$ cat protein-v5.txt   # compact mmCIF, C-alpha atoms and all ligand atoms
# COMPACT_ATOMS: atom_id res chain seq x y z
CA MET A 10 84.50 101.90 106.81
CA LYS A 11 88.14 101.01 106.34
CA LEU A 12 89.88 103.99 104.78
CA ARG A 13 91.10 103.48 101.22
CA GLU A 14 94.66 102.21 100.74
CA SER A 15 95.15 101.85 104.49
CA GLY A 16 96.18 98.19 104.50
CA MET A 17 99.58 97.37 105.95
CA PRO A 18 102.58 95.49 104.55
CA GLU A 19 104.52 93.07 106.73
CA GLU A 20 105.48 94.56 110.12
CA GLU A 21 109.28 94.45 109.87
CA TYR A 22 109.26 96.06 106.44
CA TRP A 23 106.80 98.79 107.56
CA GLU A 24 108.99 99.65 110.51
CA SER A 25 112.12 99.90 108.35
CA LEU A 26 110.53 102.90 106.60
CA PHE A 27 110.62 105.33 109.54
CA ASP A 28 113.05 106.85 111.97
CA VAL A 29 110.46 106.83 114.75
CA GLU A 30 112.50 108.66 117.40
CA LEU A 31 113.55 111.41 114.97
CA ILE A 32 109.90 111.84 113.96
CA LEU A 33 108.70 112.12 117.55
CA ASP A 34 111.52 114.56 118.41
CA ARG A 35 110.68 116.84 115.49
CA MET A 36 106.94 116.62 116.13
CA GLY A 37 107.54 117.77 119.72
CA ILE A 38 106.27 114.71 121.56
CA ASP A 39 107.84 114.58 125.01
CA GLY A 40 107.17 114.23 128.73
CA LYS A 41 105.34 117.55 128.88
CA MET A 42 102.50 115.86 127.02
CA HIS A 43 99.94 114.09 129.14
CA ASP A 44 97.06 112.29 127.39
CA VAL A 45 97.22 111.60 123.65
CA ALA A 46 94.80 110.05 121.11
CA GLU A 47 95.79 108.29 117.89
CA LEU A 48 93.85 107.22 114.81
CA GLY A 49 95.08 103.92 113.37
CA CYS A 50 97.55 102.18 115.66
CA GLY A 51 98.62 99.73 112.96
CA TYR A 52 101.37 97.59 114.51
CA GLY A 53 101.85 100.12 117.30
CA THR A 54 104.88 101.53 115.49
CA PHE A 55 104.33 105.01 116.93
CA THR A 56 101.98 104.09 119.77
CA LEU A 57 104.65 102.37 121.87
CA ALA A 58 107.30 105.02 121.30
CA VAL A 59 104.84 107.77 122.21
CA ALA A 60 103.76 105.87 125.34
CA ARG A 61 107.39 105.75 126.49
CA ARG A 62 107.70 109.54 126.20
CA ILE A 63 104.47 111.02 127.51
CA SER A 64 103.45 111.41 131.14
CA GLY A 65 99.85 110.23 130.60
CA VAL A 66 97.97 107.65 128.54
CA ILE A 67 97.83 107.09 124.79
CA GLU A 68 94.41 105.99 123.62
CA THR A 69 94.55 104.51 120.13
CA PHE A 70 91.97 103.08 117.72
CA ASP A 71 92.07 100.83 114.71
CA ILE A 72 89.32 99.29 112.63
CA GLU A 73 91.27 95.99 112.47
CA GLN A 74 91.16 93.67 115.48
CA THR A 75 94.53 92.15 114.46
CA MET A 76 96.19 95.58 114.67
CA VAL A 77 94.70 96.31 118.08
CA ASP A 78 95.77 92.85 119.34
CA ARG A 79 99.32 93.31 118.06
CA THR A 80 99.64 96.76 119.64
CA LEU A 81 98.36 95.50 122.99
CA GLN A 82 100.63 92.46 122.87
CA ARG A 83 103.70 94.60 122.17
CA SER A 84 102.72 97.07 124.90
CA GLN A 85 102.40 94.25 127.38
CA GLU A 86 105.74 92.73 126.35
CA ALA A 87 107.35 96.17 126.75
CA GLY A 88 105.84 96.60 130.21
CA LEU A 89 103.89 99.71 129.18
CA SER A 90 100.80 100.32 131.27
CA ASN A 91 99.72 103.57 129.58
CA VAL A 92 98.46 102.20 126.23
CA ARG A 93 94.72 101.74 125.62
CA ALA A 94 93.89 100.24 122.21
CA LYS A 95 90.38 99.57 120.96
CA VAL A 96 88.64 98.53 117.77
CA ARG A 97 86.75 101.52 116.44
CA ASP A 98 85.76 102.91 113.08
CA VAL A 99 86.90 106.47 113.63
CA LEU A 100 85.55 107.65 110.28
CA THR A 101 81.96 106.92 111.26
CA GLU A 102 82.17 107.02 115.08
CA GLY A 103 84.83 109.65 115.79
CA PHE A 104 87.13 109.22 118.78
CA GLY A 105 84.31 108.85 121.30
CA ASP A 106 86.26 110.71 123.94
CA GLU A 107 85.13 113.65 125.96
CA PRO A 108 85.81 116.76 123.87
CA GLN A 109 88.87 118.85 124.68
CA THR A 110 90.50 116.29 126.97
CA LYS A 111 93.72 115.43 125.11
CA ASP A 112 97.01 117.27 124.80
CA ALA A 113 97.47 115.90 121.29
CA CYS A 114 95.88 113.76 118.61
CA LEU A 115 97.95 111.87 116.04
CA LEU A 116 96.89 111.36 112.42
CA PHE A 117 99.87 109.44 111.05
CA ASN A 118 99.81 108.10 107.48
CA ILE A 119 96.05 108.27 107.24
CA LEU A 120 94.88 111.50 105.62
CA HIS A 121 94.82 110.05 102.09
CA GLY A 122 91.58 108.32 103.10
CA GLU A 123 88.05 109.43 102.45
CA GLU A 124 86.83 112.58 104.21
CA PRO A 125 90.13 113.88 105.61
CA GLU A 126 88.46 117.10 106.70
CA ARG A 127 86.03 115.16 108.88
CA LEU A 128 88.95 113.27 110.49
CA LEU A 129 90.78 116.53 111.17
CA ALA A 130 87.64 117.96 112.78
CA TYR A 131 87.22 114.85 114.98
CA ALA A 132 90.87 115.10 115.98
CA ALA A 133 90.54 118.80 116.76
CA ARG A 134 87.52 118.18 118.99
CA VAL A 135 89.30 115.77 121.34
CA VAL A 136 92.18 118.20 121.89
CA HIS A 137 91.92 121.07 124.35
CA PRO A 138 92.62 124.65 123.21
CA GLY A 139 96.38 125.05 123.00
CA GLY A 140 96.82 121.31 122.36
CA HIS A 141 98.03 119.85 119.07
CA VAL A 142 96.81 117.81 116.13
CA LEU A 143 99.92 116.22 114.66
CA VAL A 144 100.04 114.85 111.12
CA ILE A 145 102.69 112.91 109.26
CA HIS A 146 102.42 111.71 105.72
CA TRP A 147 104.38 110.26 102.83
CA ARG A 148 106.19 112.88 100.78
CA TYR A 149 104.42 113.83 97.59
CA ASP A 150 106.96 111.96 95.51
CA PRO A 151 106.44 108.79 93.46
CA ALA A 152 109.96 107.65 94.44
CA THR A 153 108.88 106.75 98.02
CA PRO A 154 109.09 102.97 98.50
CA ARG A 155 105.50 102.83 99.88
CA GLY A 156 102.61 105.20 100.27
CA PRO A 157 99.21 105.71 98.69
CA SER A 158 98.69 106.35 94.98
CA MET A 159 99.74 109.81 93.89
CA GLU A 160 96.14 110.60 92.86
CA ILE A 161 95.00 110.48 96.49
CA ARG A 162 98.25 111.38 98.26
CA PRO A 163 97.90 114.80 99.88
CA ARG A 164 100.49 117.55 99.59
CA PRO A 165 101.24 119.52 102.77
CA GLU A 166 99.37 122.58 101.42
CA GLN A 167 96.27 120.45 100.85
CA ILE A 168 96.25 119.20 104.45
CA ILE A 169 96.81 122.74 105.76
CA GLU A 170 93.79 123.91 103.75
CA TRP A 171 91.58 121.08 105.07
CA ALA A 172 92.68 121.86 108.62
CA GLN A 173 91.91 125.55 108.22
CA ARG A 174 88.42 124.68 106.99
CA THR A 175 87.63 123.02 110.34
CA GLU A 176 87.92 126.50 111.89
CA MET A 177 89.47 124.82 114.95
CA LEU A 178 93.10 124.45 113.87
CA ARG A 179 95.95 126.84 113.17
CA PHE A 180 99.04 125.62 111.30
CA VAL A 181 102.34 126.00 113.16
CA ALA A 182 104.98 126.61 110.46
CA PRO A 183 107.22 125.20 109.07
CA VAL A 184 106.45 121.96 107.26
CA LEU A 185 108.82 119.50 108.95
CA ASP A 186 111.18 117.25 107.07
CA LEU A 187 111.05 113.71 108.51
CA PRO A 188 113.64 111.76 106.55
CA PRO A 189 113.79 109.49 104.78
CA TRP A 190 110.26 109.53 103.39
CA HIS A 191 107.86 111.71 105.35
CA TYR A 192 106.84 115.23 106.20
CA GLY A 193 105.15 116.50 109.34
CA LEU A 194 102.59 119.17 110.15
CA ARG A 195 101.70 120.60 113.55
CA PHE A 196 98.40 122.31 114.21
CA VAL A 197 97.36 124.05 117.38
CA ARG A 198 93.76 123.83 118.61
CA THR A 199 92.31 127.32 118.77
CA ALA A 200 89.90 128.44 121.50
CA ALA A 201 86.40 126.97 121.25
C1 LIG B 1 98.59 103.05 106.86
S1 LIG B 1 98.19 102.42 108.46
C2 LIG B 1 99.05 103.55 109.55
C3 LIG B 1 99.18 103.01 110.96
C4 LIG B 1 99.98 103.90 111.92
N1 LIG B 1 99.32 105.18 112.08
C5 LIG B 1 101.39 104.08 111.43
O1 LIG B 1 101.69 105.13 110.83
O2 LIG B 1 102.21 103.15 111.62
C6 LIG B 1 96.51 102.89 108.69
C7 LIG B 1 95.78 102.16 109.79
O3 LIG B 1 94.48 102.74 109.94
C8 LIG B 1 93.53 101.71 110.13
N2 LIG B 1 92.21 102.20 109.69
C9 LIG B 1 91.74 102.28 108.42
N3 LIG B 1 90.51 102.78 108.41
C10 LIG B 1 90.18 103.05 109.70
C11 LIG B 1 89.01 103.58 110.34
N4 LIG B 1 87.93 103.92 109.63
N5 LIG B 1 89.00 103.70 111.70
C12 LIG B 1 90.10 103.32 112.43
N6 LIG B 1 91.23 102.81 111.88
C13 LIG B 1 91.26 102.67 110.54
C14 LIG B 1 94.08 100.55 109.31
O4 LIG B 1 93.54 99.32 109.75
C15 LIG B 1 95.59 100.68 109.51
O5 LIG B 1 96.05 99.91 110.60

$ encode --input "protein-v5.txt" --output "structure tokens" --more "lines below"
Ligand SMILES: C[S@@+](CC[C@H](N)C(=O)[O-])C[C@H]1O[C@@H](n2cnc3c(N)ncnc32)[C@H](O)[C@@H]1O
Amino acid sequence: MKLRESGMPEEEYWESLFDVELILDRMGIDGKMHDVAELGCGYGTFTLAVARRISGVIETFDIEQTMVDRTLQRSQEAGLSNVRAKVRDVLTEGFGDEPQTKDACLLFNILHGEEPERLLAYAARVVHPGGHVLVIHWRYDPATPRGPSMEIRPRPEQIIEWAQRTEMLRFVAPVLDLPPWHYGLRFVRTAA
């Protein structure tokens, strides 16, 4: 099931809303990371930039074939051989990877959807103990130029509470400021 309010505006506009490199710097994504999973590649906005930094493979999923195709096309054009993108409904099927195999799992701009706690639990399961589930979301502020309706837009404290309920994730303070419009949360996977 496609998550509510997860449709995308036009690519160029979407990508004008983020400072991707600043976000990845502050979220701690670098060459020490090996394999990474991502829910919702969209246009590959973060997928490609992550692929350039990590030493392993980024495996990403989207429910929309057009998004997967665009991400693969851009990866190919950029000469990146470490991007795997597949159509998958992560809400109903999970990540489908061996548990505890990834250094990190990215949930970027997606936790306003249905069943965020289930998505956090799926993300936690693919990450090995000591690895990270990394979340970014729109600030809880109606002045942001995009973002889901305020009624379903999660505050940082709400996401931290959902993550704690999985009993697999520990929040690594502080809440990160990701200007101009986002915040970031880092969770570490606790021992199984
Ligand atoms: C708001 S976009 C964010 C994309 C990307 N993470 C980013 O921040 O640029 C959400 C993406 O999740 C995808 N999506 C929605 N429901 C999904 C599901 N159940 N399983 C996998 N992908 C889904 C949408 O098609 C869309 O491309």

$ closest_residue --input "protein-v5.txt" --among "A:Val136, A:Leu57, A:Val184, A:Ala113" --to "ligand LIG 1 (chain B)" --atoms "all atoms listed in the file"
A:Leu57

$ residues_around --input "protein-v5.txt" --residues "Gly49 (chain A)" --least-positions-apart "5" --cutoff "9 Å" --atoms "only C-alpha atoms" --output "PDB file with C-alpha atoms, keeping the file's coordinate frame"
ATOM      1  CA  THR A  69      94.550 104.510 120.130  1.00  0.00           C
ATOM      2  CA  PHE A  70      91.970 103.080 117.720  1.00  0.00           C
ATOM      3  CA  ASP A  71      92.070 100.830 114.710  1.00  0.00           C
ATOM      4  CA  ILE A  72      89.320  99.290 112.630  1.00  0.00           C
ATOM      5  CA  GLU A  73      91.270  95.990 112.470  1.00  0.00           C
ATOM      6  CA  MET A  76      96.190  95.580 114.670  1.00  0.00           C
ATOM      7  CA  VAL A  77      94.700  96.310 118.080  1.00  0.00           C
ATOM      8  CA  VAL A  99      86.900 106.470 113.630  1.00  0.00           C
ATOM      9  CA  LEU A 115      97.950 111.870 116.040  1.00  0.00           C
ATOM     10  CA  LEU A 116      96.890 111.360 112.420  1.00  0.00           C
ATOM     11  CA  PHE A 117      99.870 109.440 111.050  1.00  0.00           C
ATOM     12  CA  ASN A 118      99.810 108.100 107.480  1.00  0.00           C
ATOM     13  CA  ILE A 119      96.050 108.270 107.240  1.00  0.00           C
TER      14      ILE A 119
END

$ residues_near_ligand --input "protein-v5.txt" --ligand "ligand LIG 1 (chain B)" --cutoff "9 Å" --atoms "only C-alpha atoms and all ligand atoms" --output "ChimeraX atom specification"
/A:10-18,23-24,27,47-56,69-77,96-103,115-119,122,145-146,156-157

$ axis_aligned_box --input "protein-v5.txt" --around "region 101-106 of chain A" --padding-each-side "8 Å" --output "lines of an AutoDock Vina configuration file"
center_x = 84.5
center_y = 108.8
center_z = 117.6
size_x = 21.2
size_y = 19.8
size_z = 28.7

$ closest_residue --input "protein-v5.txt" --among "A:Arg35, A:Lys111, A:Arg155, A:His137" --to "Leu187 (chain A)" --atoms "only C-alpha atoms"
A:Arg35

$ residues_around --input "protein-v5.txt" --residues "Gly65 (chain A)" --least-positions-apart "5" --cutoff "9 Å" --atoms "all atoms listed in the file" --output "VMD selection string"
chain A and resid 40 42 to 45 60 91

$ atom_distance --input "protein-v5.txt" --atom1 "CA of Pro151 (chain A)" --atom2 "CA of Ala58 (chain A)"
28.1 Å

$ atom_distance --input "protein-v5.txt" --atom1 "CA of Ser64 (chain A)" --atom2 "CA of Thr110 (chain A)"
14.5 Å

$ closest_atom_pairs --input "protein-v5.txt" --of "region 111-174 of chain A" --to "region 192-197 of chain A" --cutoff "6 Å" --atoms "all atoms listed in the file" --output "CSV"
residue,atom,partner,partner_atom,distance
A:Gly139,CA,A:Val197,CA,5.8
A:Gly140,CA,A:Val197,CA,5.7
A:His141,CA,A:Val197,CA,4.6
A:Val142,CA,A:Phe196,CA,5.1
A:Leu143,CA,A:Arg195,CA,4.9
A:Val144,CA,A:Leu194,CA,5.1
A:Ile145,CA,A:Gly193,CA,4.4
A:His146,CA,A:Tyr192,CA,5.7
A:Arg148,CA,A:Tyr192,CA,5.9

$ residues_around --input "protein-v5.txt" --residues "Arg93 (chain A)" --least-positions-apart "2" --cutoff "8 Å" --atoms "all atoms listed in the file" --output "PDB file with C-alpha atoms, in the frame of the given file"
ATOM      1  CA  VAL A  66      97.970 107.650 128.540  1.00  0.00           C
ATOM      2  CA  ILE A  67      97.830 107.090 124.790  1.00  0.00           C
ATOM      3  CA  GLU A  68      94.410 105.990 123.620  1.00  0.00           C
ATOM      4  CA  THR A  69      94.550 104.510 120.130  1.00  0.00           C
ATOM      5  CA  LEU A  81      98.360  95.500 122.990  1.00  0.00           C
ATOM      6  CA  ASN A  91      99.720 103.570 129.580  1.00  0.00           C
ATOM      7  CA  LYS A  95      90.380  99.570 120.960  1.00  0.00           C
TER       8      LYS A  95
END

$ residues_near_point --input "protein-v5.txt" --point "(89.6, 124.1, 111.7)" --cutoff "10 Å" --atoms "only C-alpha atoms" --output "ChimeraX atom specification"
/A:126,129-130,133-134,169-180,196-199

$ atom_distance --input "protein-v5.txt" --atom1 "CA of Gln85 (chain A)" --atom2 "CA of Glu30 (chain A)"
20.2 Å

$ build_atoms --input "protein-v5.txt" --residues "region 52-80 of chain A" --atoms "N, CA and C atoms" --output "PDB file, in the coordinates of the input"
ATOM      1  N   TYR A  52     100.605  98.531 113.674  1.00  0.00           N
ATOM      2  CA  TYR A  52     101.370  97.590 114.510  1.00  0.00           C
ATOM      3  C   TYR A  52     101.809  98.200 115.840  1.00  0.00           C
ATOM      4  N   GLY A  53     101.389  99.439 116.082  1.00  0.00           N
ATOM      5  CA  GLY A  53     101.850 100.120 117.300  1.00  0.00           C
ATOM      6  C   GLY A  53     103.194 100.793 117.095  1.00  0.00           C
ATOM      7  N   THR A  54     103.571 100.975 115.849  1.00  0.00           N
ATOM      8  CA  THR A  54     104.880 101.530 115.490  1.00  0.00           C
ATOM      9  C   THR A  54     105.167 102.835 116.236  1.00  0.00           C
ATOM     10  N   PHE A  55     104.171 103.728 116.237  1.00  0.00           N
ATOM     11  CA  PHE A  55     104.330 105.010 116.930  1.00  0.00           C
ATOM     12  C   PHE A  55     103.732 104.963 118.331  1.00  0.00           C
ATOM     13  N   THR A  56     102.693 104.163 118.487  1.00  0.00           N
ATOM     14  CA  THR A  56     101.980 104.090 119.770  1.00  0.00           C
ATOM     15  C   THR A  56     102.947 103.811 120.926  1.00  0.00           C
ATOM     16  N   LEU A  57     103.771 102.778 120.771  1.00  0.00           N
ATOM     17  CA  LEU A  57     104.650 102.370 121.870  1.00  0.00           C
ATOM     18  C   LEU A  57     105.699 103.436 122.170  1.00  0.00           C
ATOM     19  N   ALA A  58     106.256 104.000 121.104  1.00  0.00           N
ATOM     20  CA  ALA A  58     107.300 105.020 121.300  1.00  0.00           C
ATOM     21  C   ALA A  58     106.719 106.269 121.951  1.00  0.00           C
ATOM     22  N   VAL A  59     105.486 106.616 121.578  1.00  0.00           N
ATOM     23  CA  VAL A  59     104.840 107.770 122.210  1.00  0.00           C
ATOM     24  C   VAL A  59     104.574 107.458 123.682  1.00  0.00           C
ATOM     25  N   ALA A  60     104.077 106.258 123.953  1.00  0.00           N
ATOM     26  CA  ALA A  60     103.760 105.870 125.340  1.00  0.00           C
ATOM     27  C   ALA A  60     104.991 105.985 126.239  1.00  0.00           C
ATOM     28  N   ARG A  61     106.146 105.674 125.693  1.00  0.00           N
ATOM     29  CA  ARG A  61     107.390 105.750 126.490  1.00  0.00           C
ATOM     30  C   ARG A  61     107.741 107.189 126.829  1.00  0.00           C
ATOM     31  N   ARG A  62     107.300 108.138 125.999  1.00  0.00           N
ATOM     32  CA  ARG A  62     107.700 109.540 126.200  1.00  0.00           C
ATOM     33  C   ARG A  62     106.749 110.358 127.048  1.00  0.00           C
ATOM     34  N   ILE A  63     105.435 110.107 126.886  1.00  0.00           N
ATOM     35  CA  ILE A  63     104.470 111.020 127.510  1.00  0.00           C
ATOM     36  C   ILE A  63     104.275 110.688 128.990  1.00  0.00           C
ATOM     37  N   SER A  64     103.659 111.638 129.700  1.00  0.00           N
ATOM     38  CA  SER A  64     103.450 111.410 131.140  1.00  0.00           C
ATOM     39  C   SER A  64     102.053 110.850 131.418  1.00  0.00           C
ATOM     40  N   GLY A  65     101.201 110.761 130.394  1.00  0.00           N
ATOM     41  CA  GLY A  65      99.850 110.230 130.600  1.00  0.00           C
ATOM     42  C   GLY A  65      99.616 108.964 129.800  1.00  0.00           C
ATOM     43  N   VAL A  66      98.411 108.872 129.240  1.00  0.00           N
ATOM     44  CA  VAL A  66      97.970 107.650 128.540  1.00  0.00           C
ATOM     45  C   VAL A  66      97.809 107.945 127.057  1.00  0.00           C
ATOM     46  N   ILE A  67      98.182 106.980 126.210  1.00  0.00           N
ATOM     47  CA  ILE A  67      97.830 107.090 124.790  1.00  0.00           C
ATOM     48  C   ILE A  67      96.660 106.159 124.517  1.00  0.00           C
ATOM     49  N   GLU A  68      95.611 106.737 123.963  1.00  0.00           N
ATOM     50  CA  GLU A  68      94.410 105.990 123.620  1.00  0.00           C
ATOM     51  C   GLU A  68      94.388 105.894 122.102  1.00  0.00           C
ATOM     52  N   THR A  69      94.406 104.670 121.571  1.00  0.00           N
ATOM     53  CA  THR A  69      94.550 104.510 120.130  1.00  0.00           C
ATOM     54  C   THR A  69      93.444 103.598 119.596  1.00  0.00           C
ATOM     55  N   PHE A  70      93.086 103.816 118.329  1.00  0.00           N
ATOM     56  CA  PHE A  70      91.970 103.080 117.720  1.00  0.00           C
ATOM     57  C   PHE A  70      92.400 102.545 116.371  1.00  0.00           C
ATOM     58  N   ASP A  71      91.881 101.355 116.057  1.00  0.00           N
ATOM     59  CA  ASP A  71      92.070 100.830 114.710  1.00  0.00           C
ATOM     60  C   ASP A  71      90.827 100.036 114.347  1.00  0.00           C
ATOM     61  N   ILE A  72      90.506 100.028 113.076  1.00  0.00           N
ATOM     62  CA  ILE A  72      89.320  99.290 112.630  1.00  0.00           C
ATOM     63  C   ILE A  72      89.600  97.782 112.567  1.00  0.00           C
ATOM     64  N   GLU A  73      90.875  97.404 112.570  1.00  0.00           N
ATOM     65  CA  GLU A  73      91.270  95.990 112.470  1.00  0.00           C
ATOM     66  C   GLU A  73      91.598  95.411 113.842  1.00  0.00           C
ATOM     67  N   GLN A  74      90.885  94.342 114.196  1.00  0.00           N
ATOM     68  CA  GLN A  74      91.160  93.670 115.480  1.00  0.00           C
ATOM     69  C   GLN A  74      92.612  93.190 115.552  1.00  0.00           C
ATOM     70  N   THR A  75      93.152  92.684 114.427  1.00  0.00           N
ATOM     71  CA  THR A  75      94.530  92.150 114.460  1.00  0.00           C
ATOM     72  C   THR A  75      95.537  93.256 114.826  1.00  0.00           C
ATOM     73  N   MET A  76      95.272  94.466 114.373  1.00  0.00           N
ATOM     74  CA  MET A  76      96.190  95.580 114.670  1.00  0.00           C
ATOM     75  C   MET A  76      96.104  95.966 116.151  1.00  0.00           C
ATOM     76  N   VAL A  77      94.892  95.996 116.657  1.00  0.00           N
ATOM     77  CA  VAL A  77      94.700  96.310 118.080  1.00  0.00           C
ATOM     78  C   VAL A  77      95.385  95.228 118.933  1.00  0.00           C
ATOM     79  N   ASP A  78      95.176  93.959 118.568  1.00  0.00           N
ATOM     80  CA  ASP A  78      95.770  92.850 119.340  1.00  0.00           C
ATOM     81  C   ASP A  78      97.298  92.947 119.336  1.00  0.00           C
ATOM     82  N   ARG A  79      97.857  93.243 118.171  1.00  0.00           N
ATOM     83  CA  ARG A  79      99.320  93.310 118.060  1.00  0.00           C
ATOM     84  C   ARG A  79      99.878  94.473 118.906  1.00  0.00           C
ATOM     85  N   THR A  80      99.189  95.598 118.855  1.00  0.00           N
ATOM     86  CA  THR A  80      99.640  96.760 119.640  1.00  0.00           C
ATOM     87  C   THR A  80      99.572  96.456 121.133  1.00  0.00           C
TER      88      THR A  80
END
